[in-house]
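Undergrad: My structure is below; once you've seen it, I'll send some questions.
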Protein chains: 2
Amino acid sequence: MNPLTKRSENYSKWYNEIVVRSGLAEFSGVRGFMILKPYGYSLWDRMKTILDKMLKLTGHQNVYFPLLIPKSLFSKEKEHTKIFSEGCAVITHSRLIKKNKNQEELIVDPDSKLQEELVIRPTSESIIWKTYKRWIQSYRDLPILFNQWGNALRWEMRTRLFLRTTEFLWQEGHTAHSTEKEAIEETIKILNIYTNFSEKFMAIPVLQGIKPYMDKFSGSEKTYCIEALMQDGKALQMGTSHFLGQNFSKAFDVTFTNFNGKKEYVWSTSWGVSTRLIGGLIMSHSDDKGLILPPKIAPIQVVIIPICYKKQHPPTSIHEISIKILNFLEEKGIRVKYDDKTIWTPGWKFHEYEMKGIPIRISIGKNEIQNEKVEIFRRDTCEKIYIPWINLKNSIPKLLDEIQKNIYKKAVQRTQKLILKSDHYNDFKHKINHSGGFIFAHWDGTKNTGKKIQEETEATIRCIPISNEKEKGKCIYSGKPSLQRVIFSKSY
Amino acid sequence: MNPLTKRSENYSKWYNEIVVRSGLAEFSGVRGFMILKPYGYSLWDRMKTILDKMLKLTGHQNVYFPLLIPKSLFSKEKEHTKIFSEGCAVITHSRLIKKNKNQEELIVDPDSKLQEELVIRPTSESIIWKTYKRWIQSYRDLPILFNQWGNALRWEMRTRLFLRTTEFLWQEGHTAHSTEKEAIEETIKILNIYTNFSEKFMAIPVLQGIKPYMDKFSGSEKTYCIEALMQDGKALQMGTSHFLGQNFSKAFDVTFTNFNGKKEYVWSTSWGVSTRLIGGLIMSHSDDKGLILPPKIAPIQVVIIPICYKKQHPPTSIHEISIKILNFLEEKGIRVKYDDKTIWTPGWKFHEYEMKGIPIRISIGKNEIQNEKVEIFRRDTCEKIYIPWINLKNSIPKLLDEIQKNIYKKAVQRTQKLILKSDHYNDFKHKINHSGGFIFAHWDGTKNTGKKIQEETEATIRCIPISNEKEKGKCIYSGKPSLQRVIFSKSY
């Protein structure tokens with residue numbers, strides 16, 4: 001097998017190759033639509049399981065709303081229609097028929113035209129708020145803390161596996177509250193859950209911020225986000241949490257009777273993360289040999305490979321000790337795979353599991369049997385170590401912890417080196433083009449300046465840091481006064 | 001709250017009311033589309049978790065294929081286009097625009113017409129087989145045992161919650177094999193998994209059979225099914241497993257090089273169960289007071305209710321013992337809810353959890369504290385028993401087992417009474433109209449006779465029993481000779 005394109009040669013090519021070669025995903029024949037292969041789906045499933053648990057522990061419940069939304073619902077909230085300026089899938093008919101009796105070719109049946117066009121959900125605020133109107137009457141019905149796991153669709157011109165696909169899998173939360181304070185607290189609570197999930201499980205350090213007003217979600221008052229820095233110095237938005245104010249409750253006329261018997265509009269939030277996170281995971285940790293997965297989200301944490309000749313079954317002694325190790329690691333709750341397939345050589349398997357980013361590889365051959373030790377390969381450092389059998393039970397869980405921490409530490413160090421300041425436009429342009437990174441700089445707060453900087457450097461304002469530290473300065477572009485730095489970066 | 005309509009008065013009305021009143025689901029504003037509410041979704045999630053585990057233990061892996069399928073792919077397999085005679089969602093455009101600048105009303109942008117129409121998957125054979133062509137070259141690539149959890153859409157004229165909705169959630173399996181024998185074995189293996197899932201977990205007895213040729217899945221060679229009998233004597237198809245022969249591999253030109261170096265077409269299967277199963281669950285066990293859920297799939301198995309006055313918190317003694325019981329039942333792996341909300345009275349809660357079908361209710365008041373006992377209410381028999389605190393740890397798991405068995409036993413007894421034979425058309429019509437049930441009768445094997453019987457009695461051939469017992473006889477309708485009995489029933 002050919003090695004991957006090196007990251008230093010062509011990062012974008014490396015990315016496309018690693019996604020396909022590690023068996024995560026590939027494009028389908030349908031433009032912009034991705035197929036999640038078993039390894040990619042099991043990774044998403046693992047991420048789902050963890051995040052779902054975090055959301056349930058904070059009182060959220062899962063629901064499922066219709067895939068299709070009547071056209072008229074979208075124009076109810078006046079900014080929300082913006083979602084479609086980039087495109088959506090419009091259903092106009094409900095039947096195909098044969099072009100003529102003898103041919104198999106299908107055409108749209110003109111008699112099946114719908115009275116009102118339906119749109120595949122790009123996001124579900126409109127259909128959900130139409131329903132909340134039916135469910136909310138009194139303060140007793142609040143809060144509503146609902147989440148939905150499903151698919152959504154936004155027509156995209158340029159697509160990239162995981163990072164930007166026309167259909168994507170995600171969770172979208174939609175909550176309703178009786179007070180503004182509670183809704184803002186919910187927005188922040190979710191931002192913190194996303195941050196924890198990203199840092200503690202995906203081992204990706206993030207910055208928390210607020211989107212500048214021109215980039216907020218259409219229909220929201222404020223969009224909070226977490227942003228991470230990829231290996232090539234570009235930013236990736238990992239998740240967003242929107243404070244929607246009373247925009248949707250007013251658009252859909254959703255009021256409740258408060259404790260004092262008065263009617264008020266409901267306050268709300270929405271928030272989501274998607275399969276896009278997998279793109280962030282790949283670009284945060286992986287190397288020229290393939291994926292590197294943090295043990296906490298790796299679908300397989302340990303792979304056991306018996307050393308023997310191709311097309312031969314491993315000798316009984318090797319097989320038996322392998323099964324023993326498999327069993328006691330599984331008893332410890334570790335996700336282990338024992339690969340004794342005879343159609344591939346051990347060398348081929350080593351290569352394959354390095355590509356797939358399995359955190360620990362245990363190999364067992366004749367020498368290992370003689371010495372009652374196994375060879376351990378750590379994917380994150382590519383080190384080999386030898387551990388006596390009897391120590392494995394304790395050593396492997398510890399090693400998994402250590403690998404998790406090490407992968408996170410490396411990502412933190414890499415990110416910190418690229419958290420930069422800039423006070424002059426020339427210096428700013430130099431940094432953007434040479435190192436990339438999160439560049440803290442002053443901005444005059446206008447959409448126009450943001451647009452000019454983007455046109456000239458490709459960098460955009462990723463967010464206003466949530467820490468909100470005040471510091472007087474001058475806009476790097478216009479020289480106008482500014483009260484705090486914002487974060488610029490090129491981005492995915 | 002008003003009681004439910006009685007089953008004996010109007011079964012169909014009872015069904016619609018119980019779905020909504022128990023908080024499982026309701027129709028959305030979009031015609032034929034259902035909203036799964038938290039309780040309904042958690043039930044589906046529980047079913048998913050169990051079935052997913054069964055599928056993984058038999059070597060299946062999850063994947064995710066695109067939601068949208070190009071029109072041209074459907075006509076590749078010549079029978080498969082039939083799927084659309086009943087309707088589908090056709091996407092013709094990719095953008096909405098404002099009707100005019102000052103109004104918010106949206107119209108379809110005529111400039112966004114697609115080159116080729118796309119259809120929301122009614123089922124995924126066509127997009128999957130187009131992809132399998134890329135993935136399968138050699139016998140080493142086989143078998144492929146993939147499953148997909150997701151949504152699908154079939155335009156329906158008459159819809160009923162869970163039983164028939166335009167969009168539904170389901171799993172669809174799509175496997176590829178090197179031999180006919182292996183593909184048939186897979187079809188039967190899945191039929192057995194569905195049977196086990198239905199009987200052991202959902203507590204619904206089923207009959208296994210093969211659909212008569214005119215009702216097989218479009219594109220299959222043979223459709224195997226499991227059929228269950230509802231309380232009103234009508235049948236419900238619970239799941240299907242299709243042996244597809246080489247139909248799709250030939251349509252999509254998918255060949256593999258066999259062990260001897262020769263090219264052959266691949267053999268295949270597909271199979272699925274959907275949210276429809278929840279309809280079957282409701283109509284198998286529930287009564288005039290509400291749902292009755294088998295403990296193995298109940299999202300909440302035990303509810304603990306403190307007895308105290310409305311709007312008062314329970315006295316410390318009651319609260320403390322409740323929490324103690326909650327904790328040790330959870331430690332035993334039991335799904336427990338402690339409901340100490342003060343806005344509802346205990347009486348209201350009793351009623352609510354009976355409606356929701358929670359298998360066991362534990363109530364704790366002053367008397368219970370004094371006597372160191374709790375009151376236990378079994379939802380399946382509506383019996384009250386008293387158990388000393390110290391025995392709860394052992395009694396509750398045993399009681400849950402007993403309830404599971406009892407619910408299944410009742411369903412078996414009910415079904416067995418309605419497994420009937422008929423040898424004369426008048427007797428047949430009488431049974432169909434009076435008792436309903438599975439009626440074993442002779443059929444001459446023609447589509448026309450099946451159609452006539454359906455027109456005159458509403459009964460259809462549910463399946464040819466898989467046991468395939470031969471018995472010479474005469475068709476109840478035409479009098480022509482027949483070699484085995486088939487199963488007739490009215491159905492959902």
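If you're wondering about the labels, chains in the structure tokens are A, B, ... by order shown, residues count from 1 in each chain, ligands from 1 in order shown.
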Residues of chain B that approach chain A to 7 Å or less, counting only C-alpha atoms: could you list each one with the shortest pair of atoms and its distance in Å to one decimal, rows by chain and increasing residue number, as a Markdown table?
TA:
| residue | atom | partner | partner_atom | distance |
| --- | --- | --- | --- | --- |
| B:Phe33 | CA | A:Pro66 | CA | 5.9 |
| B:Met34 | CA | A:Pro66 | CA | 6.5 |
| B:Ile35 | CA | A:Phe65 | CA | 4.9 |
| B:Leu36 | CA | A:Tyr64 | CA | 4.9 |
| B:Lys37 | CA | A:Val63 | CA | 5.1 |
| B:Pro38 | CA | A:Val63 | CA | 5.0 |
| B:Tyr41 | CA | A:Val63 | CA | 5.6 |
| B:Gln61 | CA | A:Pro38 | CA | 6.0 |
| B:Asn62 | CA | A:Pro38 | CA | 5.5 |
| B:Val63 | CA | A:Pro38 | CA | 5.0 |
| B:Tyr64 | CA | A:Leu36 | CA | 4.9 |
| B:Phe65 | CA | A:Ile35 | CA | 4.8 |
| B:Pro66 | CA | A:Phe33 | CA | 5.9 |
| B:Ser75 | CA | A:Glu104 | CA | 5.6 |
| B:Lys78 | CA | A:Glu104 | CA | 6.9 |
| B:Phe84 | CA | A:Leu96 | CA | 6.3 |
| B:Gly87 | CA | A:Arg95 | CA | 4.6 |
| B:Cys88 | CA | A:Ser94 | CA | 5.0 |
| B:Ala89 | CA | A:Ser94 | CA | 4.8 |
| B:Val90 | CA | A:His93 | CA | 5.2 |
| B:Ile91 | CA | A:Ile91 | CA | 4.3 |
| B:Thr92 | CA | A:Ile91 | CA | 6.3 |
| B:His93 | CA | A:Val90 | CA | 5.3 |
| B:Ser94 | CA | A:Ala89 | CA | 4.8 |
| B:Arg95 | CA | A:Gly87 | CA | 4.6 |
| B:Leu96 | CA | A:Phe84 | CA | 6.2 |
| B:Glu104 | CA | A:Ser75 | CA | 5.6 |
| B:Glu105 | CA | A:Ser75 | CA | 6.1 |
| B:Leu106 | CA | A:Ser75 | CA | 6.8 |
| B:Trp155 | CA | A:Ser94 | CA | 6.8 |
Undergrad: Go ahead and dump the residues you just picked, N, CA and C atoms, as an mmCIF file, in the first residue's frame.
TA:
data_model
loop_
_atom_site.group_PDB
_atom_site.id
_atom_site.type_symbol
_atom_site.label_atom_id
_atom_site.label_comp_id
_atom_site.auth_asym_id
_atom_site.auth_seq_id
_atom_site.Cartn_x
_atom_site.Cartn_y
_atom_site.Cartn_z
ATOM 1 N N PHE B 33 -47.117 12.966 9.308
ATOM 2 C CA PHE B 33 -45.841 12.931 10.032
ATOM 3 C C PHE B 33 -46.111 12.960 11.527
ATOM 4 N N MET B 34 -45.369 12.122 12.254
ATOM 5 C CA MET B 34 -45.582 11.922 13.682
ATOM 6 C C MET B 34 -44.471 12.611 14.484
ATOM 7 N N ILE B 35 -44.815 13.062 15.678
ATOM 8 C CA ILE B 35 -43.792 13.529 16.617
ATOM 9 C C ILE B 35 -43.636 12.471 17.694
ATOM 10 N N LEU B 36 -42.422 11.968 17.883
ATOM 11 C CA LEU B 36 -42.163 11.056 18.989
ATOM 12 C C LEU B 36 -41.839 11.893 20.213
ATOM 13 N N LYS B 37 -42.694 11.824 21.232
ATOM 14 C CA LYS B 37 -42.463 12.588 22.457
ATOM 15 C C LYS B 37 -41.446 11.846 23.343
ATOM 16 N N PRO B 38 -40.967 12.480 24.426
ATOM 17 C CA PRO B 38 -39.877 11.842 25.185
ATOM 18 C C PRO B 38 -40.160 10.392 25.583
ATOM 19 N N TYR B 41 -39.990 8.230 22.462
ATOM 20 C CA TYR B 41 -38.631 8.098 21.946
ATOM 21 C C TYR B 41 -37.788 7.194 22.835
ATOM 22 N N GLN B 61 -22.697 -4.903 11.363
ATOM 23 C CA GLN B 61 -22.110 -3.600 11.701
ATOM 24 C C GLN B 61 -23.012 -2.486 11.174
ATOM 25 N N ASN B 62 -23.009 -1.358 11.869
ATOM 26 C CA ASN B 62 -23.840 -0.226 11.433
ATOM 27 C C ASN B 62 -23.099 0.692 10.471
ATOM 28 N N VAL B 63 -23.846 1.222 9.533
ATOM 29 C CA VAL B 63 -23.323 2.174 8.550
ATOM 30 C C VAL B 63 -24.385 3.249 8.340
ATOM 31 N N TYR B 64 -24.037 4.270 7.566
ATOM 32 C CA TYR B 64 -25.043 5.276 7.230
ATOM 33 C C TYR B 64 -24.884 5.716 5.779
ATOM 34 N N PHE B 65 -25.944 5.512 5.006
ATOM 35 C CA PHE B 65 -25.974 5.880 3.584
ATOM 36 C C PHE B 65 -26.831 7.139 3.387
ATOM 37 N N PRO B 66 -26.662 7.812 2.227
ATOM 38 C CA PRO B 66 -27.381 9.075 1.993
ATOM 39 C C PRO B 66 -28.914 8.949 2.068
ATOM 40 N N SER B 75 -34.948 2.714 -11.214
ATOM 41 C CA SER B 75 -35.471 1.893 -12.303
ATOM 42 C C SER B 75 -34.496 0.785 -12.686
ATOM 43 N N LYS B 78 -35.916 -4.012 -12.049
ATOM 44 C CA LYS B 78 -37.178 -3.686 -12.744
ATOM 45 C C LYS B 78 -38.441 -3.758 -11.887
ATOM 46 N N PHE B 84 -42.653 2.951 -5.708
ATOM 47 C CA PHE B 84 -43.121 4.331 -5.869
ATOM 48 C C PHE B 84 -44.548 4.462 -6.332
ATOM 49 N N GLY B 87 -46.115 6.249 -3.800
ATOM 50 C CA GLY B 87 -45.755 7.621 -3.518
ATOM 51 C C GLY B 87 -44.451 7.789 -2.764
ATOM 52 N N CYS B 88 -43.798 8.891 -3.034
ATOM 53 C CA CYS B 88 -42.518 9.197 -2.404
ATOM 54 C C CYS B 88 -42.316 10.704 -2.445
ATOM 55 N N ALA B 89 -41.303 11.194 -1.739
ATOM 56 C CA ALA B 89 -41.050 12.639 -1.727
ATOM 57 C C ALA B 89 -39.994 12.962 -2.776
ATOM 58 N N VAL B 90 -40.384 13.772 -3.766
ATOM 59 C CA VAL B 90 -39.483 14.086 -4.879
ATOM 60 C C VAL B 90 -38.917 15.495 -4.721
ATOM 61 N N ILE B 91 -37.597 15.571 -4.695
ATOM 62 C CA ILE B 91 -36.929 16.875 -4.592
ATOM 63 C C ILE B 91 -36.581 17.342 -5.993
ATOM 64 N N THR B 92 -37.089 18.515 -6.331
ATOM 65 C CA THR B 92 -36.875 19.019 -7.689
ATOM 66 C C THR B 92 -36.034 20.300 -7.708
ATOM 67 N N HIS B 93 -35.988 21.003 -6.563
ATOM 68 C CA HIS B 93 -35.289 22.283 -6.520
ATOM 69 C C HIS B 93 -34.417 22.373 -5.268
ATOM 70 N N SER B 94 -33.470 23.319 -5.295
ATOM 71 C CA SER B 94 -32.554 23.412 -4.164
ATOM 72 C C SER B 94 -32.537 24.784 -3.475
ATOM 73 N N ARG B 95 -33.566 25.582 -3.730
ATOM 74 C CA ARG B 95 -33.553 26.897 -3.077
ATOM 75 C C ARG B 95 -34.943 27.515 -3.008
ATOM 76 N N LEU B 96 -35.184 28.221 -1.897
ATOM 77 C CA LEU B 96 -36.374 29.074 -1.805
ATOM 78 C C LEU B 96 -35.880 30.512 -1.825
ATOM 79 N N GLU B 104 -42.118 38.564 3.316
ATOM 80 C CA GLU B 104 -41.347 37.451 3.828
ATOM 81 C C GLU B 104 -41.710 36.146 3.120
ATOM 82 N N GLU B 105 -42.809 36.171 2.360
ATOM 83 C CA GLU B 105 -43.265 34.916 1.755
ATOM 84 C C GLU B 105 -42.209 34.314 0.828
ATOM 85 N N LEU B 106 -42.052 32.995 0.939
ATOM 86 C CA LEU B 106 -41.032 32.308 0.146
ATOM 87 C C LEU B 106 -41.655 31.563 -1.030
ATOM 88 N N TRP B 155 -44.943 7.875 0.940
ATOM 89 C CA TRP B 155 -46.131 8.729 0.977
ATOM 90 C C TRP B 155 -47.351 7.865 1.267
#
Undergrad: Any chance you could list, as a PyMOL selection string, the residues in segment 36-188 of chain A that come up helix (DSSP H, G or I) when DSSP is run on the backbone?
TA: chain A and resi 38-57+71-74+80-84+110-112+125-135+139-141+180-188
Undergrad: Suppose you want the space between atom CA of Asn391 of chain B and atom CA of Gln404 of chain B; what is it in Å?
TA: 20.1 Å
Undergrad: Considering only C-alpha atoms, return as a list in words whatever protein or nucleic-acid residues lie within 9 Å of Lys410 of chain A, sequence-local ones (same chain, fewer than 5 positions apart) excluded.
TA: His285, Lys405 and Thr415 of chain A
Undergrad: Pick the closest to Gln484 of chain B from B:Gly445, B:Pro295, B:Gly245, B:Gly450: which is it, counting only C-alpha atoms?
TA: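 Of B:Gly445, B:Pro295, B:Gly245, B:Gly450, the one nearest Gln484 of chain B is B:Gly445, counting only C-alpha atoms.
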Undergrad: Which of segment 199-283 of chain B counts as strand (DSSP E) under DSSP, as a PyMOL selection string please?
TA: chain B and resi 207-210+222-229+235-245+255-257+263-265+267-274
Undergrad: Generate the output file for the selected residues, C-alpha atoms, as a CSV table (one decimal), in the first residue's frame.
TA:
chain,number,residue,atom,x,y,z
B,207,LEU,CA,-46.0,-16.7,13.5
B,208,GLN,CA,-43.3,-17.0,11.0
B,209,GLY,CA,-44.2,-17.3,7.3
B,210,ILE,CA,-43.5,-16.4,3.7
B,222,LYS,CA,-38.9,-14.4,-1.2
B,223,THR,CA,-40.2,-12.3,1.6
B,224,TYR,CA,-40.2,-13.9,5.1
B,225,CYS,CA,-42.3,-12.2,7.8
B,226,ILE,CA,-43.4,-12.4,11.4
B,227,GLU,CA,-47.1,-11.8,12.0
B,228,ALA,CA,-48.7,-11.1,15.4
B,229,LEU,CA,-52.4,-11.0,16.4
B,235,ALA,CA,-53.0,-9.2,12.3
B,236,LEU,CA,-50.0,-6.9,12.3
B,237,GLN,CA,-46.9,-7.6,10.2
B,238,MET,CA,-44.1,-7.0,12.7
B,239,GLY,CA,-41.0,-7.4,10.5
B,240,THR,CA,-39.8,-8.7,7.2
B,241,SER,CA,-36.6,-10.4,6.0
B,242,HIS,CA,-36.1,-10.6,2.2
B,243,PHE,CA,-34.1,-13.1,0.2
B,244,LEU,CA,-33.1,-10.9,-2.8
B,245,GLY,CA,-31.4,-13.6,-4.9
B,255,THR,CA,-19.8,-9.5,-9.3
B,256,PHE,CA,-17.0,-11.1,-7.3
B,257,THR,CA,-14.1,-13.4,-8.2
B,263,LYS,CA,-16.7,-14.2,-11.7
B,264,GLU,CA,-20.1,-14.6,-10.2
B,265,TYR,CA,-23.0,-12.4,-9.2
B,267,TRP,CA,-26.3,-13.0,-3.5
B,268,SER,CA,-28.2,-10.7,-1.1
B,269,THR,CA,-30.7,-10.1,1.6
B,270,SER,CA,-32.4,-7.1,3.1
B,271,TRP,CA,-34.6,-6.8,6.3
B,272,GLY,CA,-36.2,-4.3,8.6
B,273,VAL,CA,-38.3,-3.4,11.5
B,274,SER,CA,-39.7,0.0,12.3
Undergrad: Of the residues A:Trp135, A:Phe377, A:Ala176, A:Asn367, which is the one nearest to Gly23 of chain B, using only C-alpha atoms?
TA: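 The shortest atom-to-atom distance to Gly23 of chain B comes from A:Trp135.
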Undergrad: Restricting the calculation to only C-alpha atoms, which member of A:Ile190, A:Val266, A:Leu277, A:Leu4 is positioned closest to Ile136 of chain A?
TA: A:Val266
Undergrad: Within 8 Å of Ala441 of chain B, counting only C-alpha atoms, which residues show up once you throw out same-chain ones fewer than 4 positions away? Write them as number ranges by chain, please.
TA: B: 421-423, 475-476, 485-488
Undergrad: Go ahead and compute the interatomic distance for atom CA of Lys181 of chain B and atom CA of Arg121 of chain B, in Å to one decimal.
TA: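 Atom-to-atom, atom CA of Lys181 of chain B and atom CA of Arg121 of chain B are spaced 29.0 Å apart.
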Undergrad: Identify, on the basis of only C-alpha atoms, every residue whose closest approach to Lys332 of chain A does not exceed 9 Å; exclude the query and any residue fewer than 3 positions from it along the same chain; express the result as a list in words.
TA: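 Contacts, with the query itself left out: Asn327, Phe328, Leu329, Lys393 and Pro397 of chain A.
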Undergrad: Those same residues, written as a PDB file, in the first residue's frame with N, CA, C and O atoms?
TA:
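In the end it all went to selection.pdb:
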ATOM      1  N   ASN A 327     -10.208 -11.656  27.068  1.00  0.00           N
ATOM      2  CA  ASN A 327     -11.268 -11.802  28.066  1.00  0.00           C
ATOM      3  C   ASN A 327     -11.069 -10.918  29.289  1.00  0.00           C
ATOM      4  O   ASN A 327     -11.994 -10.246  29.726  1.00  0.00           O
ATOM      5  N   PHE A 328      -9.844 -10.909  29.828  1.00  0.00           N
ATOM      6  CA  PHE A 328      -9.743 -10.119  31.049  1.00  0.00           C
ATOM      7  C   PHE A 328      -9.730  -8.617  30.789  1.00  0.00           C
ATOM      8  O   PHE A 328     -10.149  -7.832  31.618  1.00  0.00           O
ATOM      9  N   LEU A 329      -9.290  -8.220  29.588  1.00  0.00           N
ATOM     10  CA  LEU A 329      -9.397  -6.783  29.265  1.00  0.00           C
ATOM     11  C   LEU A 329     -10.864  -6.393  29.071  1.00  0.00           C
ATOM     12  O   LEU A 329     -11.300  -5.343  29.528  1.00  0.00           O
ATOM     13  N   LYS A 393      -3.243  -6.551  33.338  1.00  0.00           N
ATOM     14  CA  LYS A 393      -4.529  -6.146  33.891  1.00  0.00           C
ATOM     15  C   LYS A 393      -4.496  -4.736  34.469  1.00  0.00           C
ATOM     16  O   LYS A 393      -5.430  -3.966  34.335  1.00  0.00           O
ATOM     17  N   PRO A 397      -5.174  -0.388  31.550  1.00  0.00           N
ATOM     18  CA  PRO A 397      -6.027   0.767  31.873  1.00  0.00           C
ATOM     19  C   PRO A 397      -5.216   2.028  32.181  1.00  0.00           C
ATOM     20  O   PRO A 397      -5.579   3.128  31.737  1.00  0.00           O
TER      21      PRO A 397
END
Undergrad: From the set A:Thr446, A:Asn394, A:Asn192, A:Ser284, which residue has the shortest atom-to-atom contact distance to Ser478 of chain A, counting only C-alpha atoms?
TA: A:Thr446
Undergrad: Could you name the residues that touch His351 of chain A at 10 Å or less, counting only C-alpha atoms, but leaving out those on the same chain fewer than 4 positions away, as a PyMOL selection string?
TA: chain A and resi 1+3+289-290+346-347+355-356
Undergrad: Kindly save the residues from that selection, with N, CA, C and O atoms included, as a PDB file, in the first residue's frame.
TA:
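File written: result.pdb
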ATOM      1  N   MET A   1       0.835  -1.205   0.000  1.00  0.00           N
ATOM      2  CA  MET A   1       0.000   0.000   0.000  1.00  0.00           C
ATOM      3  C   MET A   1       0.875   1.263   0.000  1.00  0.00           C
ATOM      4  O   MET A   1       1.874   1.312   0.710  1.00  0.00           O
ATOM      5  N   PRO A   3       2.118   4.916   0.998  1.00  0.00           N
ATOM      6  CA  PRO A   3       1.919   5.728   2.211  1.00  0.00           C
ATOM      7  C   PRO A   3       0.991   6.904   1.910  1.00  0.00           C
ATOM      8  O   PRO A   3       0.761   7.252   0.749  1.00  0.00           O
ATOM      9  N   LYS A 289       1.109   8.653   9.422  1.00  0.00           N
ATOM     10  CA  LYS A 289       0.851   7.211   9.336  1.00  0.00           C
ATOM     11  C   LYS A 289      -0.638   6.878   9.435  1.00  0.00           C
ATOM     12  O   LYS A 289      -1.028   5.734   9.252  1.00  0.00           O
ATOM     13  N   GLY A 290      -1.428   7.866   9.838  1.00  0.00           N
ATOM     14  CA  GLY A 290      -2.865   7.607   9.938  1.00  0.00           C
ATOM     15  C   GLY A 290      -3.500   8.306  11.133  1.00  0.00           C
ATOM     16  O   GLY A 290      -2.936   9.248  11.698  1.00  0.00           O
ATOM     17  N   PRO A 346       0.719 -10.385   9.631  1.00  0.00           N
ATOM     18  CA  PRO A 346       0.822  -9.488  10.783  1.00  0.00           C
ATOM     19  C   PRO A 346       1.282  -8.093  10.365  1.00  0.00           C
ATOM     20  O   PRO A 346       0.764  -7.093  10.856  1.00  0.00           O
ATOM     21  N   GLY A 347       2.208  -8.023   9.422  1.00  0.00           N
ATOM     22  CA  GLY A 347       2.725  -6.717   8.980  1.00  0.00           C
ATOM     23  C   GLY A 347       1.615  -5.868   8.379  1.00  0.00           C
ATOM     24  O   GLY A 347       1.492  -4.668   8.667  1.00  0.00           O
ATOM     25  N   MET A 355      -3.124   2.889  10.821  1.00  0.00           N
ATOM     26  CA  MET A 355      -3.954   3.782   9.996  1.00  0.00           C
ATOM     27  C   MET A 355      -5.276   4.109  10.706  1.00  0.00           C
ATOM     28  O   MET A 355      -5.755   5.231  10.656  1.00  0.00           O
ATOM     29  N   LYS A 356      -5.828   3.132  11.390  1.00  0.00           N
ATOM     30  CA  LYS A 356      -7.116   3.313  12.063  1.00  0.00           C
ATOM     31  C   LYS A 356      -6.982   3.993  13.430  1.00  0.00           C
ATOM     32  O   LYS A 356      -7.984   4.280  14.082  1.00  0.00           O
TER      33      LYS A 356
END
